[in-house]
$ cat start-v8.cif   # mmCIF, C-alpha atoms
data_coords
#
loop_
_atom_site.label_atom_id
_atom_site.label_comp_id
_atom_site.auth_asym_id
_atom_site.auth_seq_id
_atom_site.Cartn_x
_atom_site.Cartn_y
_atom_site.Cartn_z
CA MET A 9 11.98 -104.05 59.42
CA SER A 10 14.97 -104.51 61.70
CA LEU A 11 15.98 -100.87 62.14
CA HIS A 12 14.96 -97.24 61.74
CA GLN A 13 17.60 -95.06 60.09
CA ILE A 14 18.08 -91.80 62.01
CA ASP A 15 18.28 -88.47 60.25
CA SER A 16 18.19 -84.99 61.78
CA VAL A 17 16.40 -83.13 58.97
CA ASN A 18 13.11 -81.86 60.37
CA VAL A 19 11.53 -80.05 57.42
CA LEU A 20 8.66 -82.57 57.57
CA VAL A 21 9.32 -84.84 60.54
CA ARG A 22 12.53 -86.58 61.52
CA ALA A 23 13.03 -89.54 59.22
CA HIS A 24 13.05 -92.30 61.86
CA TYR A 25 9.38 -91.60 62.63
CA LEU A 26 8.20 -92.01 59.03
CA PRO A 27 8.61 -95.75 58.26
CA ALA A 28 6.21 -96.71 61.05
CA PHE A 29 3.65 -94.20 59.74
CA SER A 30 4.07 -95.57 56.20
CA ARG A 31 3.24 -99.06 57.44
CA LEU A 32 0.83 -98.44 60.32
CA GLY A 33 -0.77 -95.07 59.65
CA ARG A 34 -1.32 -92.62 62.50
CA TYR A 35 0.53 -93.59 65.66
CA ASP A 36 1.84 -91.82 68.74
CA CYS A 37 5.50 -90.84 68.16
CA ALA A 38 5.95 -90.83 71.93
CA LEU A 39 5.83 -94.62 71.75
CA LEU A 40 8.98 -94.63 69.64
CA ASP A 41 10.60 -91.97 71.83
CA ARG A 42 10.02 -94.05 74.94
CA ALA A 43 11.28 -97.20 73.25
CA ALA A 44 14.45 -95.44 72.09
CA TRP A 45 15.24 -92.84 74.76
CA GLY A 46 12.88 -93.46 77.66
CA ARG A 47 13.39 -95.05 81.07
CA LYS A 48 15.71 -98.04 81.10
CA SER A 49 12.82 -100.34 81.97
CA ALA A 50 10.86 -99.07 78.95
CA ARG A 51 13.68 -99.34 76.43
CA ARG A 52 13.13 -101.53 73.40
CA LEU A 53 15.62 -99.90 71.02
CA PHE A 54 19.21 -98.69 71.09
CA GLU A 55 21.29 -96.45 68.85
CA TYR A 56 24.24 -97.74 66.89
CA TRP A 57 25.86 -97.65 63.48
CA ALA A 58 24.09 -100.28 61.37
CA HIS A 59 22.68 -98.84 58.15
CA GLU A 60 24.16 -95.45 59.00
CA ALA A 61 23.03 -94.15 62.42
CA SER A 62 20.11 -96.37 63.38
CA LEU A 63 17.62 -97.34 66.04
CA LEU A 64 17.73 -101.11 66.49
CA PRO A 65 15.90 -103.70 68.60
CA LEU A 66 17.82 -104.50 71.78
CA ALA A 67 18.04 -108.14 70.71
CA LEU A 68 20.46 -107.11 67.97
CA HIS A 69 23.03 -105.74 70.42
CA PRO A 70 25.01 -109.02 70.63
CA LEU A 71 25.02 -109.30 66.83
CA LEU A 72 26.88 -105.99 66.48
CA ARG A 73 29.49 -106.44 69.20
CA TRP A 74 32.04 -107.60 66.60
CA ARG A 75 31.77 -104.11 65.04
CA MET A 76 32.27 -102.52 68.45
CA ALA A 77 35.35 -104.69 69.01
CA GLU A 78 36.75 -103.66 65.63
CA ALA A 79 36.25 -100.00 66.50
CA ASP A 80 37.91 -100.53 69.86
CA ARG A 81 40.96 -101.87 67.99
CA GLY A 82 40.89 -98.93 65.56
CA GLU A 83 39.71 -101.11 62.66
CA ALA A 84 36.25 -99.56 62.12
CA GLY A 85 34.79 -96.08 62.03
CA TRP A 86 35.89 -92.96 60.24
CA ASN A 87 39.60 -92.23 59.98
CA GLY A 88 39.33 -89.12 62.15
CA MET A 89 38.07 -91.25 65.05
CA ARG A 90 40.44 -94.22 64.79
CA ILE A 91 43.33 -92.27 66.30
CA PHE A 92 41.51 -92.43 69.67
CA ALA A 93 41.87 -96.22 69.65
CA GLY A 94 45.64 -95.81 69.66
CA GLU A 95 47.94 -92.88 70.30
CA ARG A 96 45.19 -90.59 71.63
CA ARG A 97 43.33 -93.24 73.60
CA ALA A 98 44.16 -91.55 76.90
CA GLU A 99 42.16 -88.48 75.83
CA ALA A 100 39.12 -90.60 75.09
CA GLU A 101 39.50 -92.44 78.37
CA ALA A 102 39.58 -89.09 80.21
CA ILE A 103 36.26 -88.19 78.58
CA LEU A 104 34.90 -91.62 79.52
CA ALA A 105 36.02 -91.06 83.12
CA ARG A 106 34.16 -87.76 83.25
CA ILE A 107 30.93 -89.37 82.00
CA THR A 108 31.44 -92.13 84.55
CA ALA A 109 31.72 -89.58 87.36
CA GLU A 110 29.20 -86.95 86.25
CA GLY A 111 26.56 -88.93 84.36
CA PRO A 112 25.12 -88.33 80.86
CA LEU A 113 26.87 -85.62 78.86
CA ALA A 114 26.69 -84.22 75.31
CA ALA A 115 29.60 -82.92 73.25
CA SER A 116 28.49 -79.35 74.01
CA ASP A 117 28.90 -80.02 77.75
CA PHE A 118 32.66 -80.25 77.29
CA GLU A 119 34.92 -77.28 76.89
CA HIS A 120 35.65 -76.96 73.15
CA GLY A 121 33.00 -79.63 72.62
CA LYS A 122 30.92 -77.72 70.10
CA SER A 123 31.63 -78.15 66.41
CA ARG A 124 33.59 -75.37 64.76
CA SER A 125 31.08 -74.75 61.97
CA GLY A 126 28.46 -76.90 60.36
CA TRP A 127 27.17 -80.38 61.06
CA TRP A 128 30.31 -82.24 59.98
CA ALA A 129 32.96 -79.90 61.38
CA TRP A 130 33.52 -81.98 64.49
CA GLY A 131 36.05 -81.00 67.12
CA ASP A 132 38.34 -83.45 68.91
CA THR A 133 35.88 -83.98 71.79
CA LYS A 134 33.08 -84.99 69.43
CA ARG A 135 35.38 -87.35 67.52
CA ALA A 136 36.51 -88.96 70.76
CA LEU A 137 32.91 -89.35 71.91
CA GLU A 138 31.96 -90.92 68.59
CA TRP A 139 34.86 -93.37 68.83
CA LEU A 140 33.71 -94.35 72.32
CA PHE A 141 30.22 -94.77 70.84
CA TRP A 142 31.42 -96.91 67.92
CA ALA A 143 33.49 -99.02 70.31
CA GLY A 144 30.48 -99.66 72.56
CA HIS A 145 31.88 -97.97 75.68
CA ILE A 146 29.06 -95.41 75.65
CA THR A 147 25.69 -95.17 73.99
CA THR A 148 22.88 -92.66 73.63
CA ALA A 149 21.10 -91.93 76.88
CA THR A 150 18.69 -89.42 75.33
CA ARG A 151 18.38 -86.71 72.70
CA ARG A 152 17.97 -83.03 73.50
CA ARG A 153 15.37 -80.81 71.82
CA SER A 154 18.07 -79.78 69.35
CA PHE A 155 18.46 -83.52 68.61
CA GLU A 156 21.95 -83.44 70.11
CA ARG A 157 23.00 -86.87 71.32
CA VAL A 158 23.59 -87.23 75.07
CA TYR A 159 25.99 -90.05 75.95
CA ASP A 160 26.19 -92.33 78.96
CA LEU A 161 27.93 -95.55 79.89
CA THR A 162 26.47 -98.47 77.97
CA GLU A 163 25.82 -100.43 81.17
CA ARG A 164 23.73 -97.54 82.52
CA VAL A 165 21.50 -97.50 79.42
CA ILE A 166 21.26 -101.01 77.94
CA PRO A 167 19.37 -103.44 80.22
CA ALA A 168 21.59 -105.91 82.09
CA SER A 169 19.63 -108.81 80.60
CA ILE A 170 20.74 -107.75 77.11
CA LEU A 171 24.36 -107.16 78.08
CA ALA A 172 24.40 -110.63 79.68
CA LEU A 173 23.47 -112.31 76.39
CA PRO A 174 26.41 -114.26 74.93
CA THR A 175 28.41 -112.67 72.14
CA PRO A 176 28.21 -114.91 69.06
CA PRO A 177 31.25 -115.60 66.90
CA ARG A 178 31.74 -113.02 64.16
CA GLY A 179 30.63 -115.29 61.32
CA GLU A 180 27.54 -116.40 63.22
CA ALA A 181 26.61 -112.77 63.83
CA HIS A 182 26.99 -112.00 60.12
CA ARG A 183 24.70 -114.90 59.20
CA ALA A 184 22.07 -113.70 61.68
CA LEU A 185 22.24 -110.16 60.27
CA ILE A 186 21.96 -111.36 56.68
CA ASP A 187 19.02 -113.55 57.70
CA ARG A 188 17.30 -110.47 59.15
CA ALA A 189 18.07 -108.46 56.04
CA ALA A 190 16.62 -111.23 53.86
CA ARG A 191 13.44 -111.39 55.96
CA ALA A 192 13.07 -107.63 55.55
CA HIS A 193 13.66 -107.72 51.79
CA GLY A 194 11.92 -110.95 50.85
CA ILE A 195 13.89 -111.02 47.61
CA ALA A 196 17.27 -109.37 47.07
CA THR A 197 20.75 -109.62 45.60
CA THR A 198 23.79 -110.22 47.78
CA THR A 199 24.60 -106.51 47.51
CA ASP A 200 21.11 -105.59 48.69
CA LEU A 201 21.45 -107.90 51.68
CA ARG A 202 24.91 -106.59 52.52
CA ASP A 203 23.73 -102.99 52.43
CA TYR A 204 21.04 -103.45 55.10
CA PHE A 205 23.58 -103.63 57.95
CA ARG A 206 26.52 -102.33 55.88
CA LEU A 207 28.60 -105.52 56.03
CA ALA A 208 31.86 -105.92 54.15
CA PRO A 209 31.45 -107.68 50.77
CA ALA A 210 33.48 -110.75 51.77
CA ASP A 211 31.62 -111.13 55.08
CA ALA A 212 28.23 -110.81 53.38
CA SER A 213 29.12 -113.27 50.62
CA ALA A 214 30.27 -115.86 53.15
CA ALA A 215 27.09 -115.43 55.18
CA VAL A 216 24.87 -115.70 52.10
CA ALA A 217 26.67 -118.87 50.98
CA ALA A 218 26.23 -120.44 54.42
CA LEU A 219 22.53 -119.54 54.58
CA ALA A 220 22.02 -120.88 51.05
CA GLU A 221 23.63 -124.18 52.06
CA GLU A 222 21.28 -124.35 55.06
CA GLY A 223 18.28 -123.71 52.78
CA VAL A 224 17.41 -120.40 54.45
CA LEU A 225 18.07 -118.52 51.21
CA MET A 226 16.91 -119.93 47.89
CA PRO A 227 18.50 -118.81 44.59
CA VAL A 228 16.08 -117.25 42.10
CA THR A 229 16.36 -115.68 38.69
CA ILE A 230 14.50 -112.44 38.00
CA LYS A 231 13.91 -111.27 34.47
CA GLY A 232 15.80 -108.07 33.83
CA TRP A 233 18.17 -108.39 36.80
CA SER A 234 21.83 -108.80 35.89
CA HIS A 235 22.82 -110.30 39.26
CA PRO A 236 21.61 -113.49 40.96
CA ALA A 237 18.98 -112.99 43.64
CA TRP A 238 17.90 -114.74 46.81
CA LEU A 239 14.48 -115.46 48.23
CA HIS A 240 14.09 -116.04 51.95
CA ARG A 241 12.37 -119.35 52.58
CA ASP A 242 9.79 -117.67 54.83
CA ALA A 243 8.95 -114.85 52.41
CA LYS A 244 5.23 -114.40 51.88
CA ARG A 245 3.86 -114.17 48.35
CA PRO A 246 0.69 -112.08 48.45
CA ARG A 247 -2.00 -112.69 45.86
CA ARG A 248 -2.40 -108.95 45.48
CA VAL A 249 -0.95 -105.80 46.96
CA ARG A 250 -3.23 -103.00 48.14
CA ALA A 251 -1.33 -100.15 49.74
CA ALA A 252 -0.87 -96.39 49.77
CA ALA A 253 2.19 -95.01 51.52
CA LEU A 254 4.45 -91.97 51.48
CA LEU A 255 8.02 -93.21 51.93
CA ALA A 256 10.81 -91.42 53.76
CA PRO A 257 14.01 -90.86 51.76
CA PHE A 258 15.65 -93.28 54.23
CA ASP A 259 12.92 -95.91 54.22
CA PRO A 260 14.35 -99.44 53.82
CA LEU A 261 12.14 -99.96 50.77
CA VAL A 262 13.99 -97.26 48.80
CA TRP A 263 17.27 -96.50 50.59
CA GLU A 264 19.34 -98.78 48.30
CA ARG A 265 18.75 -96.74 45.16
CA SER A 266 19.84 -99.38 42.63
CA ARG A 267 17.37 -101.87 44.13
CA THR A 268 14.64 -99.23 43.92
CA GLU A 269 15.38 -98.86 40.21
CA ARG A 270 15.35 -102.63 39.67
CA LEU A 271 12.09 -103.17 41.55
CA PHE A 272 10.11 -100.12 40.50
CA ASP A 273 11.90 -98.63 37.48
CA PHE A 274 12.12 -95.53 39.66
CA ARG A 275 15.30 -93.45 39.79
CA TYR A 276 15.40 -91.63 43.12
CA ARG A 277 17.93 -89.16 44.44
CA ILE A 278 17.45 -86.91 47.47
CA GLU A 279 18.20 -83.28 46.58
CA ILE A 280 18.69 -81.71 50.00
CA TYR A 281 22.33 -80.96 49.21
CA THR A 282 21.63 -79.85 45.63
CA PRO A 283 21.50 -76.07 45.05
CA ALA A 284 17.88 -74.95 44.77
CA GLU A 285 18.21 -73.87 41.14
CA LYS A 286 19.47 -77.33 40.16
CA ARG A 287 16.81 -79.41 41.92
CA VAL A 288 14.57 -81.45 39.68
CA HIS A 289 11.84 -82.57 42.08
CA GLY A 290 12.31 -80.50 45.25
CA TYR A 291 14.05 -80.30 48.62
CA TYR A 292 12.50 -83.12 50.69
CA VAL A 293 10.81 -85.48 48.27
CA LEU A 294 8.91 -88.59 49.32
CA PRO A 295 8.07 -91.34 46.83
CA PHE A 296 4.39 -92.34 46.82
CA LEU A 297 3.80 -96.08 46.78
CA LEU A 298 0.45 -97.09 45.35
CA ASP A 299 -0.26 -100.82 45.51
CA ASP A 300 2.86 -102.44 44.02
CA ARG A 301 4.18 -99.39 42.13
CA ILE A 302 5.81 -96.07 42.95
CA VAL A 303 3.60 -93.66 41.02
CA ALA A 304 4.59 -90.17 42.17
CA ARG A 305 7.02 -88.13 44.22
CA VAL A 306 5.94 -85.31 46.52
CA ASP A 307 8.01 -82.41 47.87
CA LEU A 308 6.71 -82.03 51.43
CA LYS A 309 7.14 -79.51 54.22
CA ALA A 310 5.37 -79.18 57.56
CA ASP A 311 4.63 -75.47 58.03
CA ARG A 312 4.03 -75.67 61.76
CA GLN A 313 3.44 -71.94 62.18
CA ALA A 314 0.58 -72.03 59.65
CA SER A 315 -0.47 -75.55 60.76
CA THR A 316 -0.30 -76.69 57.15
CA LEU A 317 1.19 -79.67 55.34
CA LEU A 318 2.65 -78.20 52.17
CA ALA A 319 2.86 -80.47 49.15
CA ARG A 320 4.91 -77.96 47.21
CA SER A 321 4.92 -80.07 44.08
CA VAL A 322 3.71 -83.46 42.90
CA HIS A 323 5.52 -85.20 40.05
CA LEU A 324 3.56 -88.07 38.55
CA GLU A 325 5.44 -91.04 37.16
CA PRO A 326 4.72 -92.23 33.60
CA GLY A 327 1.66 -94.44 33.58
CA ALA A 328 0.43 -93.36 37.01
CA PRO A 329 -3.13 -94.69 37.50
CA PRO A 330 -6.06 -92.28 37.12
CA ASP A 331 -6.84 -92.38 40.86
CA THR A 332 -3.29 -91.45 41.91
CA LEU A 333 -4.09 -87.89 42.99
CA GLU A 334 -7.26 -88.95 44.78
CA ARG A 335 -5.46 -91.59 46.82
CA LEU A 336 -2.46 -89.32 47.39
CA THR A 337 -4.75 -86.59 48.76
CA VAL A 338 -6.21 -89.08 51.24
CA GLU A 339 -2.73 -90.08 52.37
CA LEU A 340 -1.65 -86.45 52.73
CA ARG A 341 -4.70 -85.81 54.93
CA HIS A 342 -3.75 -88.80 57.09
CA MET A 343 -0.20 -87.45 57.39
CA ALA A 344 -1.42 -83.95 58.32
CA ASP A 345 -3.65 -85.42 61.03
CA TRP A 346 -0.75 -87.48 62.35
CA LEU A 347 1.48 -84.40 62.50
CA GLY A 348 -1.24 -82.30 64.15
CA LEU A 349 -1.57 -79.96 61.14
CA ASP A 350 -4.96 -78.48 60.29
CA THR A 351 -4.80 -78.18 56.52
CA VAL A 352 -3.14 -79.59 53.39
CA ALA A 353 -1.97 -77.27 50.60
CA LEU A 354 -1.43 -79.02 47.28
CA GLY A 355 0.93 -77.28 44.87
CA ALA A 356 1.64 -77.86 41.22
CA VAL A 357 1.00 -81.29 39.73
CA LEU A 358 3.64 -82.03 37.13
CA PRO A 359 4.42 -84.93 34.80
#
$ encode --input "start-v8.cif" --output "structure tokens"
Amino acid sequence: MSLHQIDSVNVLVRAHYLPAFSRLGRYDCALLDRAAWGRKSARRLFEYWAHEASLLPLALHPLLRWRMAEADRGEAGWNGMRIFAGERRAEAEAILARITAEGPLAASDFEHGKSRSGWWAWGDTKRALEWLFWAGHITTATRRRSFERVYDLTERVIPASILALPTPPRGEAHRALIDRAARAHGIATTTDLRDYFRLAPADASAAVAALAEEGVLMPVTIKGWSHPAWLHRDAKRPRRVRAAALLAPFDPLVWERSRTERLFDFRYRIEIYTPAEKRVHGYYVLPFLLDDRIVARVDLKADRQASTLLARSVHLEPGAPPDTLERLTVELRHMADWLGLDTVALGAVLP
């Protein structure tokens, strides 16, 4: 893995905590908190737009400066923010000056800073702050209990040793990002590799071609895949796979849904934004990986008041092995222990 995708939904646990649990089992979430939002000397991660909002290793900061430069020129980011790179730049610079003088601030600390209604109804202050964030002028100093982002000057958050690293040419940065994506995937199409850090198609194709010429990526043909694929030269080929893991909806193994279908014959759609009466599998559904197959999907909720992990429903995939429920129950118990919940309540098991 080269990043943790951030998501604010907390019905189970915030999504950026889950991939580490899926791979490592029980761990102390405070370790990730300190690495992402702790003292400057303890920082190992920083927030930026990579595969959506993400936590990334500090070493990747130089590889994403081209994206910050594009945003600074008004060439990247959402349309509602780009205006602050041009005709409304003075407004953004006034906000930057206030952060410079007063220290870390959130959007709600500014007059008219709160959103009008709903998560996406951003006001002008929030849009200006997000442009400053995209452009690399500010970054996340911490997160409040509400998960609101608190911004500060980049040089007051990112260690000086990281900021002093040279900025590679744009094409070189793209090749390094595609290399990281290929190491994470092992085997993937160009589209899969591009999606990891959300590169433009032309940039990704050029990087893949260069890495193929260098022998870093090797072309392979996979039965049933309609597009050519690439194997990283350092990819490990295990003799067997023995694993049991509940996967976050934003886990890198399943976030590119077409790749999930190609690898596992598993069609996965998150239904948070689907009206309850139209949901097929549930509100917050985690695929269950068993060895080298995805064999079930589980609608999970952490009922903290009752100290219970609710598996509201379990949908088994066709051909799920006989020991699926047994191994799933063990994994649910591990998750409940990790979350500090006393009991597990298993709901309906459905085909």
$ closest_residue --input "start-v8.cif" --among "A:Leu64, A:Ile166, A:Ala253, A:Leu261" --to "Arg305 in chain A" --atoms "all atoms listed in the file"
A:Ala253
$ residues_around --input "start-v8.cif" --residues "Pro70 in chain A" --least-positions-apart "4" --cutoff "12 Å" --atoms "all atoms listed in the file" --output "list in words"
Phe54, Tyr56, Leu64, Pro65, Leu66, Trp74, Arg75, Met76, Ala77, Gly144, Ile166, Ser169, Ile170, Leu171, Ala172, Leu173, Pro174, Thr175, Pro176, Pro177, Arg178, Glu180, Ala181, His182, Ala184 and Leu185 of chain A
$ closest_atom_pairs --input "start-v8.cif" --of "range 41-91 of chain A" --to "range 203-206 of chain A" --cutoff "10 Å" --atoms "only C-alpha atoms" --output "tab-separated table"
residue	atom	partner	partner_atom	distance
A:Trp57	CA	A:Phe205	CA	8.5
A:Ala58	CA	A:Phe205	CA	4.8
A:His59	CA	A:Phe205	CA	4.9
A:Glu60	CA	A:Arg206	CA	7.9
A:Ser62	CA	A:Phe205	CA	9.7
A:Leu72	CA	A:Phe205	CA	9.4
$ residues_around --input "start-v8.cif" --residues "His24 in chain A" --least-positions-apart "3" --cutoff "6 Å" --atoms "all atoms listed in the file" --output "PyMOL selection string"
chain A and resi 12-14
$ resolve_selection --input "start-v8.cif" --expression "the PyMOL selection byres ((chain A and resi 252) around 7)" --output "number ranges by chain"
A: 251, 253, 297-299
$ resolve_selection --input "start-v8.cif" --expression "the PyMOL selection byres ((chain A and resi 312) around 12)" --output "list in words"
Asn18, Val19, Leu20, Val21, Lys309, Ala310, Asp311, Gln313, Ala314, Ser315, Thr316, Leu317, Leu318, Ala344, Leu347, Gly348, Leu349, Asp350, Thr351 and Val352 of chain A
$ write_last_selection --input "start-v8.cif" --atoms "C-alpha atoms" --output "JSON list (two decimals), keeping the file's coordinate frame"
[["chain", "number", "residue", "atom", "x", "y", "z"],
["A", 18, "ASN", "CA", 13.11, -81.86, 60.37],
["A", 19, "VAL", "CA", 11.53, -80.05, 57.42],
["A", 20, "LEU", "CA", 8.66, -82.57, 57.57],
["A", 21, "VAL", "CA", 9.32, -84.84, 60.54],
["A", 309, "LYS", "CA", 7.14, -79.51, 54.22],
["A", 310, "ALA", "CA", 5.37, -79.18, 57.56],
["A", 311, "ASP", "CA", 4.63, -75.47, 58.03],
["A", 313, "GLN", "CA", 3.44, -71.94, 62.18],
["A", 314, "ALA", "CA", 0.58, -72.03, 59.65],
["A", 315, "SER", "CA", -0.47, -75.55, 60.76],
["A", 316, "THR", "CA", -0.30, -76.69, 57.15],
["A", 317, "LEU", "CA", 1.19, -79.67, 55.34],
["A", 318, "LEU", "CA", 2.65, -78.20, 52.17],
["A", 344, "ALA", "CA", -1.42, -83.95, 58.32],
["A", 347, "LEU", "CA", 1.48, -84.40, 62.50],
["A", 348, "GLY", "CA", -1.24, -82.30, 64.15],
["A", 349, "LEU", "CA", -1.57, -79.96, 61.14],
["A", 350, "ASP", "CA", -4.96, -78.48, 60.29],
["A", 351, "THR", "CA", -4.80, -78.18, 56.52],
["A", 352, "VAL", "CA", -3.14, -79.59, 53.39]]
$ resolve_selection --input "start-v8.cif" --expression "the PyMOL selection byres ((chain A and resi 35) around 12)" --output "list in words"
Tyr25, Leu26, Pro27, Ala28, Phe29, Ser30, Arg31, Leu32, Gly33, Arg34, Asp36, Cys37, Ala38, Leu39, Leu40, Asp41, His342, Met343, Asp345, Trp346, Leu347 and Gly348 of chain A
$ closest_residue --input "start-v8.cif" --among "A:Arg151, A:Val306, A:Pro359, A:Arg96" --to "Glu339 in chain A" --atoms "only C-alpha atoms"
A:Val306
